[in-house]
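Structure data (mmCIF, C-alpha atoms) from final_1.cif:
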```
data_coords
loop_
_atom_site.group_PDB
_atom_site.id
_atom_site.type_symbol
_atom_site.label_atom_id
_atom_site.label_comp_id
_atom_site.auth_asym_id
_atom_site.auth_seq_id
_atom_site.Cartn_x
_atom_site.Cartn_y
_atom_site.Cartn_z
ATOM 1 C CA MET A 1240 73.468 132.805 76.841
ATOM 2 C CA TYR A 1241 76.905 133.764 75.560
ATOM 3 C CA GLU A 1242 76.041 132.570 72.020
ATOM 4 C CA ARG A 1243 72.812 134.591 72.143
ATOM 5 C CA THR A 1244 74.180 137.814 73.664
ATOM 6 C CA GLY A 1245 77.882 137.691 72.783
ATOM 7 C CA ASP A 1246 78.508 139.588 76.042
ATOM 8 C CA ALA A 1247 81.060 137.738 78.231
ATOM 9 C CA GLY A 1248 80.672 140.142 81.160
ATOM 10 C CA LEU A 1249 76.889 139.790 81.244
ATOM 11 C CA THR A 1250 77.090 135.987 81.004
ATOM 12 C CA CYS A 1251 79.623 135.762 83.863
ATOM 13 C CA ARG A 1252 77.547 138.047 86.129
ATOM 14 C CA ARG A 1253 74.311 136.163 85.491
ATOM 15 C CA CYS A 1254 75.885 132.679 85.921
ATOM 16 C CA GLY A 1255 78.233 133.565 88.783
ATOM 17 C CA ILE A 1256 81.455 132.441 87.072
ATOM 18 C CA SER A 1257 84.751 134.112 86.183
ATOM 19 C CA ARG A 1258 85.866 135.087 82.694
ATOM 20 C CA PRO A 1259 88.734 132.473 82.647
ATOM 21 C CA THR A 1260 86.183 129.755 83.505
ATOM 22 C CA LEU A 1261 83.897 130.878 80.685
ATOM 23 C CA ARG A 1262 86.857 130.992 78.284
ATOM 24 C CA LYS A 1263 87.963 127.467 79.336
ATOM 25 C CA TRP A 1264 84.489 125.963 78.920
ATOM 26 C CA LEU A 1265 83.998 127.746 75.588
ATOM 27 C CA ASN A 1266 87.253 126.330 74.184
ATOM 28 C CA ARG A 1267 86.273 122.827 75.307
ATOM 29 C CA TYR A 1268 82.789 123.182 73.768
ATOM 30 C CA VAL A 1269 84.177 124.396 70.464
ATOM 31 C CA LYS A 1270 86.678 121.517 70.358
ATOM 32 C CA ASP A 1271 84.665 118.529 71.705
ATOM 33 C CA GLY A 1272 81.030 119.688 71.965
ATOM 34 C CA LYS A 1273 79.001 118.784 75.076
ATOM 35 C CA ALA A 1274 81.445 115.946 75.905
ATOM 36 C CA GLY A 1275 84.152 118.531 76.491
ATOM 37 C CA LEU A 1276 82.137 120.112 79.342
ATOM 38 C CA SER A 1277 82.402 117.065 81.626
ATOM 39 C CA SER A 1278 84.666 117.341 84.707
ATOM 40 C CA HIS A 1279 88.326 116.575 84.007
ATOM 41 C CA SER A 1280 90.904 115.084 86.383
ATOM 42 C CA ARG A 1281 93.279 117.633 87.873
ATOM 43 C CA LYS A 1282 96.047 115.095 88.408
ATOM 44 C CA PRO A 1283 99.256 116.274 86.659
ATOM 45 C CA HIS A 1284 100.530 114.148 83.767
ATOM 46 C CA ILE A 1285 104.124 114.483 85.034
ATOM 47 C CA SER A 1286 104.973 115.142 88.690
ATOM 48 C CA PRO A 1287 108.578 116.149 89.480
ATOM 49 C CA ASN A 1288 107.924 115.502 93.199
ATOM 50 C CA THR A 1289 107.136 111.795 92.828
ATOM 51 C CA LYS A 1290 109.031 110.012 95.622
ATOM 52 C CA VAL A 1291 109.534 106.637 93.943
ATOM 53 C CA SER A 1292 110.521 106.233 90.309
ATOM 54 C CA ILE A 1293 109.682 103.144 88.264
ATOM 55 C CA LYS A 1294 113.302 102.006 88.530
ATOM 56 C CA GLU A 1295 113.286 102.332 92.324
ATOM 57 C CA GLU A 1296 109.942 100.547 92.558
ATOM 58 C CA ARG A 1297 111.272 97.609 90.535
ATOM 59 C CA LEU A 1298 114.361 97.513 92.747
ATOM 60 C CA ILE A 1299 112.214 97.348 95.891
ATOM 61 C CA LEU A 1300 110.128 94.504 94.461
ATOM 62 C CA ALA A 1301 113.231 92.594 93.323
ATOM 63 C CA LEU A 1302 114.760 92.773 96.812
ATOM 64 C CA ARG A 1303 111.475 91.763 98.418
ATOM 65 C CA LEU A 1304 110.818 88.789 96.129
ATOM 66 C CA GLY A 1305 114.420 87.632 95.872
ATOM 67 C CA ARG A 1306 115.564 88.009 99.489
ATOM 68 C CA LYS A 1307 112.302 88.206 101.510
ATOM 69 C CA LEU A 1308 113.240 91.503 103.187
ATOM 70 C CA GLY A 1309 110.823 93.542 105.281
ATOM 71 C CA ALA A 1310 110.361 97.297 104.955
ATOM 72 C CA ARG A 1311 113.063 98.164 107.505
ATOM 73 C CA ARG A 1312 115.627 95.845 105.928
ATOM 74 C CA LEU A 1313 114.667 97.134 102.472
ATOM 75 C CA GLN A 1314 115.322 100.667 103.668
ATOM 76 C CA SER A 1315 118.743 99.629 104.986
ATOM 77 C CA GLU A 1316 119.750 97.744 101.830
ATOM 78 C CA LEU A 1317 118.614 100.507 99.453
ATOM 79 C CA LYS A 1318 120.811 102.973 101.331
ATOM 80 C CA ARG A 1319 123.804 100.625 101.655
ATOM 81 C CA LEU A 1320 123.887 99.167 98.143
ATOM 82 C CA HIS A 1321 122.240 101.828 95.970
ATOM 83 C CA GLU A 1322 122.506 105.084 97.997
ATOM 84 C CA ILE A 1323 118.715 105.495 97.838
ATOM 85 C CA THR A 1324 117.041 107.023 100.901
ATOM 86 C CA LEU A 1325 113.321 106.318 101.303
ATOM 87 C CA SER A 1326 111.043 106.410 104.328
ATOM 88 C CA LEU A 1327 109.461 103.259 105.738
ATOM 89 C CA ALA A 1328 106.009 104.617 104.842
ATOM 90 C CA THR A 1329 107.010 105.090 101.203
ATOM 91 C CA ILE A 1330 108.442 101.574 100.939
ATOM 92 C CA HIS A 1331 105.316 100.155 102.593
ATOM 93 C CA LYS A 1332 103.096 101.964 100.045
ATOM 94 C CA VAL A 1333 105.056 100.409 97.182
ATOM 95 C CA LEU A 1334 104.652 96.915 98.684
ATOM 96 C CA VAL A 1335 100.909 97.381 99.260
ATOM 97 C CA LYS A 1336 100.414 98.859 95.793
ATOM 98 C CA ASN A 1337 101.987 95.772 94.190
ATOM 99 C CA GLY A 1338 100.100 93.275 96.356
ATOM 100 C CA CYS A 1339 103.066 91.960 98.338
ATOM 101 C CA LYS A 1340 101.882 89.766 101.192
ATOM 102 C CA PRO A 1341 103.216 90.514 104.698
ATOM 103 C CA LEU A 1342 106.129 88.374 105.845
ATOM 104 C CA LEU A 1343 105.384 85.771 108.502
ATOM 105 C CA ARG A 1344 106.457 86.779 111.993
ATOM 106 C CA TYR A 1345 106.909 84.411 114.881
ATOM 107 C CA ARG A 1346 105.087 85.391 118.017
ATOM 108 C CA LYS A 1347 107.109 85.977 121.143
ATOM 109 C CA LYS A 1348 105.973 84.680 124.482
ATOM 110 C CA ALA A 1349 103.852 87.056 126.512
ATOM 111 C CA ASP A 1350 106.377 87.016 129.350
ATOM 112 C CA TYR A 1351 109.360 87.429 126.999
ATOM 113 C CA ILE A 1352 112.199 89.465 128.513
ATOM 114 C CA ARG A 1353 115.107 90.485 126.297
ATOM 115 C CA TYR A 1354 118.403 89.399 127.865
ATOM 116 C CA PHE A 1355 121.462 91.620 127.551
ATOM 117 C CA ARG A 1356 124.528 92.684 129.519
ATOM 118 C CA LEU A 1357 124.461 96.188 130.957
ATOM 119 C CA LEU A 1358 127.957 97.344 129.924
ATOM 120 C CA PRO A 1359 130.026 97.028 126.732
ATOM 121 C CA GLY A 1360 132.642 94.275 126.904
ATOM 122 C CA ASP A 1361 131.053 92.492 129.866
ATOM 123 C CA ARG A 1362 130.532 89.420 127.656
ATOM 124 C CA VAL A 1363 131.454 88.840 124.014
ATOM 125 C CA GLN A 1364 129.906 85.890 122.188
ATOM 126 C CA MET A 1365 132.198 84.160 119.683
ATOM 127 C CA ASP A 1366 131.540 81.393 117.163
ATOM 128 C CA THR A 1367 132.275 80.154 113.642
ATOM 129 C CA CYS A 1368 130.039 79.132 110.749
ATOM 130 C CA LYS A 1369 130.684 77.542 107.374
ATOM 131 C CA ILE A 1370 130.040 79.861 104.432
ATOM 132 C CA GLY A 1371 131.333 77.773 101.543
ATOM 133 C CA LEU A 1372 133.920 75.203 100.535
ATOM 134 C CA LYS A 1373 136.980 75.797 102.754
ATOM 135 C CA LEU A 1374 135.483 79.098 103.853
ATOM 136 C CA TYR A 1375 134.577 79.797 107.487
ATOM 137 C CA GLN A 1376 133.430 83.001 109.134
ATOM 138 C CA TYR A 1377 134.593 83.871 112.634
ATOM 139 C CA THR A 1378 132.159 86.166 114.450
ATOM 140 C CA ALA A 1379 132.494 88.069 117.728
ATOM 141 C CA ILE A 1380 129.546 90.147 118.975
ATOM 142 C CA ASP A 1381 129.325 92.234 122.126
ATOM 143 C CA ASP A 1382 126.347 91.181 124.223
ATOM 144 C CA CYS A 1383 125.475 94.764 125.201
ATOM 145 C CA THR A 1384 126.034 96.956 122.129
ATOM 146 C CA ARG A 1385 125.929 94.269 119.375
ATOM 147 C CA TYR A 1386 129.233 95.639 118.057
ATOM 148 C CA ARG A 1387 130.794 92.946 115.858
ATOM 149 C CA VAL A 1388 134.163 91.843 114.455
ATOM 150 C CA LEU A 1389 134.160 89.497 111.448
ATOM 151 C CA ARG A 1390 136.835 87.525 109.590
ATOM 152 C CA LEU A 1391 136.918 84.802 106.945
ATOM 153 C CA TYR A 1392 139.420 81.928 107.106
ATOM 154 C CA ASN A 1393 140.018 78.766 105.113
ATOM 155 C CA ALA A 1394 139.808 76.519 108.202
ATOM 156 C CA ARG A 1395 138.583 76.346 111.780
ATOM 157 C CA ASN A 1396 141.662 75.773 113.911
ATOM 158 C CA ALA A 1397 143.550 77.162 116.887
ATOM 159 C CA ALA A 1398 145.939 79.257 114.756
ATOM 160 C CA ASN A 1399 143.085 81.128 113.090
ATOM 161 C CA THR A 1400 141.343 81.515 116.448
ATOM 162 C CA LEU A 1401 144.462 83.194 117.873
ATOM 163 C CA ASP A 1402 144.616 85.559 114.907
ATOM 164 C CA PHE A 1403 140.911 86.379 115.311
ATOM 165 C CA ILE A 1404 141.231 87.036 119.049
ATOM 166 C CA ASP A 1405 144.015 89.544 118.333
ATOM 167 C CA ALA A 1406 141.740 91.242 115.769
ATOM 168 C CA VAL A 1407 138.865 91.413 118.259
ATOM 169 C CA ILE A 1408 141.079 93.000 120.925
ATOM 170 C CA GLU A 1409 142.394 95.536 118.424
ATOM 171 C CA GLU A 1410 139.093 96.523 116.809
ATOM 172 C CA MET A 1411 136.675 96.664 119.726
ATOM 173 C CA TYR A 1412 136.597 100.098 121.330
ATOM 174 C CA PHE A 1413 136.114 98.786 124.872
ATOM 175 C CA PRO A 1414 137.897 96.287 127.152
ATOM 176 C CA ILE A 1415 136.599 92.704 127.104
ATOM 177 C CA GLN A 1416 135.936 90.909 130.389
ATOM 178 C CA ARG A 1417 134.585 87.545 129.170
ATOM 179 C CA ILE A 1418 134.456 85.571 125.930
ATOM 180 C CA GLN A 1419 131.671 83.040 125.531
ATOM 181 C CA THR A 1420 131.931 80.249 122.918
ATOM 182 C CA ASP A 1421 130.454 76.879 122.087
ATOM 183 C CA ARG A 1422 132.509 73.737 122.649
ATOM 184 C CA GLY A 1423 134.277 73.709 119.277
ATOM 185 C CA THR A 1424 137.819 72.346 119.212
ATOM 186 C CA GLU A 1425 139.122 75.617 117.759
ATOM 187 C CA PHE A 1426 138.377 77.389 121.070
ATOM 188 C CA PHE A 1427 139.592 74.756 123.568
ATOM 189 C CA ALA A 1428 143.208 74.532 122.444
ATOM 190 C CA GLU A 1429 145.543 75.218 125.356
ATOM 191 C CA LYS A 1430 147.369 77.993 123.525
ATOM 192 C CA VAL A 1431 144.039 79.734 122.823
ATOM 193 C CA GLN A 1432 143.062 79.696 126.493
ATOM 194 C CA LYS A 1433 146.525 80.898 127.478
ATOM 195 C CA ARG A 1434 146.226 83.801 125.030
ATOM 196 C CA LEU A 1435 142.967 84.823 126.702
ATOM 197 C CA LYS A 1436 144.706 84.704 130.093
ATOM 198 C CA GLN A 1437 147.447 86.963 128.732
ATOM 199 C CA TYR A 1438 144.731 89.474 127.812
ATOM 200 C CA ASN A 1439 143.108 89.046 131.279
ATOM 201 C CA ILE A 1440 139.914 87.751 129.651
ATOM 202 C CA LYS A 1441 137.763 85.080 131.270
ATOM 203 C CA PHE A 1442 136.922 82.049 129.105
ATOM 204 C CA ARG A 1443 133.277 81.005 129.531
ATOM 205 C CA PRO A 1444 132.230 78.142 127.200
ATOM 206 C CA ASN A 1445 128.594 77.066 126.996
ATOM 207 C CA LYS A 1446 127.246 73.710 128.047
ATOM 208 C CA PRO A 1447 126.917 71.101 125.247
ATOM 209 C CA ALA A 1448 123.894 71.337 122.911
ATOM 210 C CA SER A 1449 123.093 74.903 124.009
ATOM 211 C CA PRO A 1450 123.201 77.104 120.884
ATOM 212 C CA HIS A 1451 120.493 79.345 122.378
ATOM 213 C CA LEU A 1452 123.031 80.637 124.902
ATOM 214 C CA ASN A 1453 124.911 82.167 121.960
ATOM 215 C CA GLY A 1454 121.655 83.529 120.540
ATOM 216 C CA LYS A 1455 122.901 86.993 119.589
ATOM 217 C CA GLU A 1456 125.827 85.548 117.679
ATOM 218 C CA GLU A 1457 123.596 82.996 115.906
ATOM 219 C CA ARG A 1458 121.115 85.703 114.913
ATOM 220 C CA SER A 1459 123.832 88.004 113.646
ATOM 221 C CA GLN A 1460 125.182 85.245 111.393
ATOM 222 C CA LYS A 1461 121.674 84.794 110.002
ATOM 223 C CA THR A 1462 121.703 88.514 109.179
ATOM 224 C CA ASP A 1463 124.968 88.017 107.266
ATOM 225 C CA ARG A 1464 123.413 85.210 105.208
ATOM 226 C CA GLU A 1465 120.343 87.307 104.430
ATOM 227 C CA GLU A 1466 121.838 90.745 103.815
ATOM 228 C CA PHE A 1467 125.538 90.388 102.933
ATOM 229 C CA TYR A 1468 126.350 87.118 101.172
ATOM 230 C CA PRO A 1469 123.488 87.355 98.608
ATOM 231 C CA THR A 1470 125.136 90.560 97.326
ATOM 232 C CA ILE A 1471 128.507 88.967 96.439
ATOM 233 C CA ASP A 1472 129.788 86.102 94.302
ATOM 234 C CA LEU A 1473 131.800 83.733 96.484
ATOM 235 C CA LYS A 1474 133.128 81.719 93.544
ATOM 236 C CA ASN A 1475 134.752 84.673 91.794
ATOM 237 C CA GLU A 1476 136.384 86.254 94.858
ATOM 238 C CA THR A 1477 139.636 85.437 96.623
ATOM 239 C CA LEU A 1478 139.889 85.144 100.403
ATOM 240 C CA GLU A 1479 141.587 88.541 100.577
ATOM 241 C CA SER A 1480 138.934 90.282 98.467
ATOM 242 C CA LEU A 1481 136.160 88.615 100.469
ATOM 243 C CA ASN A 1482 137.664 89.903 103.707
ATOM 244 C CA LEU A 1483 137.788 93.425 102.254
ATOM 245 C CA LEU A 1484 134.098 93.209 101.340
ATOM 246 C CA LEU A 1485 133.332 91.738 104.759
ATOM 247 C CA ALA A 1486 135.187 94.631 106.408
ATOM 248 C CA GLU A 1487 132.944 97.109 104.557
ATOM 249 C CA TRP A 1488 129.867 95.201 105.697
ATOM 250 C CA GLN A 1489 131.198 95.110 109.289
ATOM 251 C CA HIS A 1490 131.725 98.883 109.248
ATOM 252 C CA TYR A 1491 128.220 99.466 107.926
ATOM 253 C CA TYR A 1492 126.699 97.085 110.496
ATOM 254 C CA ASN A 1493 128.501 98.704 113.430
ATOM 255 C CA TRP A 1494 128.151 102.362 112.472
ATOM 256 C CA TYR A 1495 125.017 102.795 110.349
ATOM 257 C CA ARG A 1496 122.698 99.776 110.351
ATOM 258 C CA PRO A 1497 119.712 100.369 112.681
ATOM 259 C CA HIS A 1498 119.217 97.662 115.296
ATOM 260 C CA SER A 1499 115.731 96.882 116.599
ATOM 261 C CA ALA A 1500 117.056 95.981 120.067
ATOM 262 C CA HIS A 1501 118.420 99.543 120.399
ATOM 263 C CA GLY A 1502 115.331 101.365 119.154
ATOM 264 C CA SER A 1503 116.747 101.622 115.594
ATOM 265 C CA LYS A 1504 120.117 102.910 116.822
ATOM 266 C CA SER A 1505 123.367 101.456 115.519
ATOM 267 C CA PRO A 1506 125.783 99.528 117.803
ATOM 268 C CA MET A 1507 128.173 102.487 117.864
ATOM 269 C CA GLU A 1508 125.405 104.881 118.855
ATOM 270 C CA ARG A 1509 124.540 102.531 121.708
ATOM 271 C CA TYR A 1510 128.204 102.378 122.748
ATOM 272 C CA HIS A 1511 128.469 106.179 122.792
ATOM 273 C CA GLU A 1512 125.503 106.291 125.160
ATOM 274 C CA LEU A 1513 127.299 103.946 127.571
ATOM 275 C CA SER A 1514 130.905 105.043 127.000
ATOM 276 C CA LYS A 1515 131.119 107.014 130.272
ATOM 277 C CA GLU A 1516 129.990 103.965 132.261
ATOM 278 C CA THR A 1517 132.329 101.529 130.469
ATOM 279 C CA PRO A 1518 135.327 100.491 132.626
ATOM 280 C CA PHE A 1519 138.934 100.885 131.440
ATOM 281 C CA TRP A 1520 141.428 98.048 130.958
ATOM 282 C CA ASP A 1521 143.156 98.917 134.259
ATOM 283 C CA GLU A 1522 139.936 98.292 136.168
ATOM 284 C CA ILE A 1523 139.395 94.968 134.380
ATOM 285 C CA ILE A 1524 142.948 93.796 135.133
ATOM 286 C CA GLU A 1525 142.541 94.607 138.830
ATOM 287 C CA LYS A 1526 139.421 92.423 139.073
ATOM 288 C CA TYR A 1527 140.943 89.542 137.118
ATOM 289 C CA GLN A 1528 142.033 86.602 139.296
ATOM 290 C CA PRO A 1529 144.548 84.371 137.396
ATOM 291 C CA PRO A 1530 144.474 81.455 139.894
ATOM 292 C CA GLU A 1531 140.725 81.066 139.395
ATOM 293 C CA GLU A 1532 141.050 80.801 135.601
ATOM 294 C CA ARG A 1533 142.097 77.244 134.742
ATOM 295 C CA ILE A 1534 142.614 75.487 131.398
ATOM 296 C CA GLN A 1535 139.284 73.850 130.573
ATOM 297 C CA MET A 1536 138.686 70.580 128.711
ATOM 298 C CA GLN A 1537 136.463 70.344 125.663
ATOM 299 C CA ASN A 1538 134.630 67.266 126.967
ATOM 300 C CA TYR A 1539 132.160 68.674 129.451
ATOM 301 C CA ARG A 1540 131.796 65.456 131.458
ATOM 302 C CA ASP A 1541 135.541 64.895 131.761
ATOM 303 C CA ASP A 1542 136.013 68.497 132.800
ATOM 304 C CA PHE A 1543 133.292 68.160 135.436
ATOM 305 C CA LYS A 1544 134.858 64.952 136.820
ATOM 306 C CA LEU A 1545 138.279 66.587 136.975
ATOM 307 C CA ARG A 1546 136.929 69.566 138.916
ATOM 308 C CA LYS A 1547 135.088 67.261 141.286
ATOM 309 C CA LEU A 1548 138.276 65.250 141.863
ATOM 310 C CA LYS A 1549 140.322 68.377 142.603
ATOM 311 C CA ARG A 1550 137.744 69.546 145.128
ATOM 312 C CA SER A 1551 137.843 66.182 146.945
ATOM 313 C CA LEU A 1552 141.624 66.361 147.198
#
```
Can the structure in the file be given as structure tokens, please?
Amino acid sequence: MYERTGDAGLTCRRCGISRPTLRKWLNRYVKDGKAGLSSHSRKPHISPNTKVSIKEERLILALRLGRKLGARRLQSELKRLHEITLSLATIHKVLVKNGCKPLLRYRKKADYIRYFRLLPGDRVQMDTCKIGLKLYQYTAIDDCTRYRVLRLYNARNAANTLDFIDAVIEEMYFPIQRIQTDRGTEFFAEKVQKRLKQYNIKFRPNKPASPHLNGKEERSQKTDREEFYPTIDLKNETLESLNLLLAEWQHYYNWYRPHSAHGSKSPMERYHELSKETPFWDEIIEKYQPPEERIQMQNYRDDFKLRKLKRSL
């Protein structure tokens, strides 16, 4: 009609279109013929509002394939190591887009009840684990808030345990009532137990072959192996430099890392919620009964026999 009449206004009124639409279709027809009149995609060639760049997408896939991290842990690591903030939904879209299979999750029992102490400092779990050749990590984690203190030493012995206990007392923001450990020799030395008595802290070792009783500590060490140690080179670092890096990781874990047990709150956020209910050192000292706290033996059976003998006398 436009070719026949040459009247753009008449053509637009008869066909019910606007002049810009007629001009657009005419330019396409002149350039490509009838093929140019087919519907074109309106998707922009370049979008400045794209949430994930190619570099960030490759980084997400590298962390997922190399370290088997889920979306929440990926979000935490991207922020900690690369200062990249992405939502869980965005990270999940990247994983689905690239065909990443979901990670296997172990089912919990239907009657599962999460165990935890009600107040900060009520019980602190403590243990050691071997990280490398002549390299051992001491870990202390509060049962209630999951606040942690970490140190690396070249051996597991009473001297290092004493140094670590002093660090735990200094760095934890709340008084400690009990320390729970396994039956390692580094915890049963007499001078270690006496140091705990000086601090008015009760020593509560687990029964033999009961690592599940220190479950929070065991799980936190697994987190270290998954999220911290893969990011550093143990062979090219000294003990001092490793402890500096571990201190940074400890600060991040306590202040910023979301914890599923706290509804994605950090240990410090959980502590602030309970700070008004947390007792002071004076209250802990008043409740502490020195005569009831004896020096315990590492051998559980010998210790049980000795207690039984004392009761009979």
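Between atom CA of Met1507 of chain A and atom CA of Trp1494 of chain A there is a distance of 5.4 Å.
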message = When you look at segment 1455-1458 of chain A with a cut-off of 9 Å (counting all atoms listed in the file), what residues show up, excluding the ones that are within fewer than 2 positions of it in the same chain? I need them as a list in words.
response =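 Surrounding residues, per the criterion: Gln1364, Met1365, Asp1366, Thr1378, Ala1379, Ile1380, Asp1381, Asp1382, Arg1385, Pro1450, His1451, Leu1452, Asn1453, Gln1460, Lys1461, Thr1462 and Asp1463 of chain A.
For the pair atom CA of Thr1400 of chain A and atom CA of Glu1508 of chain A, the separation is 28.4 Å.
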Exercise. Please indicate the distance in Å from atom CA of Arg1262 of chain A to atom CA of Ala1247 of chain A, rounded to one decimal place.
Key: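 For atom CA of Arg1262 of chain A relative to atom CA of Ala1247 of chain A, the distance reads 8.9 Å.
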request  = Please evaluate the PyMOL selection byres ((chain A and resi 1417-1432) around 6) against the displayed coordinates and give the resulting residues as a list in words.
outcome  =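 Taken on the displayed file, the PyMOL selection byres ((chain A and resi 1417-1432) around 6) yields the residues Arg1362, Val1363, Gln1364, Met1365, Asp1366, Asn1396, Ala1397, Ile1415, Gln1416, Lys1433, Arg1434, Leu1435, Ile1440, Lys1441, Phe1442, Arg1443, Pro1444, Asn1445 and Gln1537 of chain A.
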If you count only C-alpha atoms, the residue of A:Gln1535, A:Asn1475, A:Gln1489, A:Thr1260 closest to Gly1248 of chain A turns out to be A:Thr1260
Hits from the PyMOL selection byres ((chain A and resi 1368-1372) around 9), listed as number ranges by chain:
A: 1366-1367, 1373-1378, 1391, 1393, 1460, 1464, 1468, 1473
Let me make sure I understand: among A:Glu1479, A:Asp1271, A:Asp1361, A:Glu1466, which one has the smallest atom-to-atom distance to Phe1519 of chain A if we use all atoms listed in the file?
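The shortest atom-to-atom distance to Phe1519 of chain A comes from A:Asp1361.
With all atoms listed in the file taken into account, the protein and nucleic acid residues at most 8 Å from segment 1297-1305 of chain A (excluding it and anything under 5 positions from it in its own chain) are Leu1313, Leu1317, Ile1330, Val1333 and Leu1334 of chain A.
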>> as an MDAnalysis selection string, please: the residues near Ile1523 of chain A (cut-off 8 Å, all atoms listed in the file, same-chain neighbours under 3 positions excluded).
In response: chainID A and resid 1414 1416 1439 1518:1520 1526:1527
Around the point (116.6, 106.6, 97.0), in the coordinates given by the file, pick out the residues reaching within 10 Å, counting only C-alpha atoms, and return them as a compact mmCIF listing (two decimals) with C-alpha atoms, keeping the file's coordinate frame.
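After the write, result.txt holds the following:
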```
# COMPACT_ATOMS: atom_id res chain seq x y z
CA LYS A 1290 109.03 110.01 95.62
CA VAL A 1291 109.53 106.64 93.94
CA SER A 1292 110.52 106.23 90.31
CA GLU A 1295 113.29 102.33 92.32
CA GLN A 1314 115.32 100.67 103.67
CA LEU A 1317 118.61 100.51 99.45
CA LYS A 1318 120.81 102.97 101.33
CA HIS A 1321 122.24 101.83 95.97
CA GLU A 1322 122.51 105.08 98.00
CA ILE A 1323 118.72 105.50 97.84
CA THR A 1324 117.04 107.02 100.90
CA LEU A 1325 113.32 106.32 101.30
CA SER A 1326 111.04 106.41 104.33
```
Looking at only C-alpha atoms, which of A:Glu1296, A:Arg1306, A:Tyr1412, A:Ala1406 is the one that sits closest to Val1335 of chain A?
->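 Going through A:Glu1296, A:Arg1306, A:Tyr1412, A:Ala1406 one by one, the smallest distance to Val1335 of chain A is for A:Glu1296.
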Exercise for review: Can you work out which one of A:Lys1263, A:Thr1517, A:His1490, A:Lys1436 has the shortest atom-to-atom distance to Pro1530 of chain A, counting only C-alpha atoms?
Suggested key: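 Ranking A:Lys1263, A:Thr1517, A:His1490, A:Lys1436 by distance to Pro1530 of chain A, first place goes to A:Lys1436.
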Kindly provide, as AutoDock Vina command-line options, the centre and edge lengths (Å, one decimal) of an axis-aligned box around all atoms of segment 1365-1376 of chain A given in the file, with 6 Å on each side.
```
--center_x 133.5 --center_y 79.7 --center_z 110.1 --size_x 18.9 --size_y 21.0 --size_z 31.1
```
task: Rank A:Leu1265, A:Leu1342, A:Leu1401, A:Cys1383 by their smallest atom-to-atom distance to Ser1514 of chain A, using all atoms listed in the file, and report the top residue only.
output: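 Looking only at the distances to Ser1514 of chain A, the closest residue turns out to be A:Cys1383.
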If you count all atoms listed in the file, which residues fall within 7 Å of segment 1274-1282 of chain A, apart from same-chain ones fewer than 5 positions away, as a compact mmCIF listing (two decimals) with C-alpha atoms, in the coordinates of the input?
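The new file around_39.txt reads:
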```txt
# COMPACT_ATOMS: atom_id res chain seq x y z
CA TRP A 1264 84.49 125.96 78.92
CA ARG A 1267 86.27 122.83 75.31
CA TYR A 1268 82.79 123.18 73.77
```
Open item on the list: Excluding Glu1410 of chain A and its own-chain neighbours fewer than 6 positions away, which residues fall within 10 Å of it when counting all atoms listed in the file? Please give them as a list of chain:residue names.
Closed with: A:Tyr1386, A:Arg1387, A:Val1388, A:Ile1404
_Sel. within 10 Å of pt (136.4, 91.0, 104.9), counting only C-alpha atoms, output as a list in words_ =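 Counting only C-alpha atoms, I find these residues within 10 Å of (136.4, 91.0, 104.9): Gln1376, Val1388, Leu1389, Arg1390, Leu1391, Tyr1392, Leu1478, Glu1479, Ser1480, Leu1481, Asn1482, Leu1483, Leu1484, Leu1485, Ala1486, Glu1487, Trp1488 and Gln1489 of chain A.
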Have segment 1506-1515 of chain A completed to N, CA and C atoms, please, and pass it along as a CSV table (one decimal), in the frame of the given file.
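The file below, selection-v2.csv, is the result:
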```
chain,number,residue,atom,x,y,z
A,1506,PRO,N,125.0,99.9,116.7
A,1506,PRO,CA,125.8,99.5,117.8
A,1506,PRO,C,126.7,100.6,118.3
A,1507,MET,N,127.3,101.4,117.4
A,1507,MET,CA,128.2,102.5,117.9
A,1507,MET,C,127.4,103.6,118.6
A,1508,GLU,N,126.2,103.9,118.1
A,1508,GLU,CA,125.4,104.9,118.9
A,1508,GLU,C,125.1,104.4,120.3
A,1509,ARG,N,124.8,103.1,120.4
A,1509,ARG,CA,124.5,102.5,121.7
A,1509,ARG,C,125.8,102.6,122.6
A,1510,TYR,N,126.9,102.3,122.0
A,1510,TYR,CA,128.2,102.4,122.7
A,1510,TYR,C,128.5,103.8,123.2
A,1511,HIS,N,128.2,104.8,122.4
A,1511,HIS,CA,128.5,106.2,122.8
A,1511,HIS,C,127.6,106.6,124.0
A,1512,GLU,N,126.4,106.0,124.0
A,1512,GLU,CA,125.5,106.3,125.2
A,1512,GLU,C,126.1,105.7,126.5
A,1513,LEU,N,126.8,104.6,126.4
A,1513,LEU,CA,127.3,103.9,127.6
A,1513,LEU,C,128.8,104.1,127.8
A,1514,SER,N,129.4,104.9,127.0
A,1514,SER,CA,130.9,105.0,127.0
A,1514,SER,C,131.4,105.6,128.4
A,1515,LYS,N,130.7,106.5,129.0
A,1515,LYS,CA,131.1,107.0,130.3
A,1515,LYS,C,131.0,106.0,131.4
```
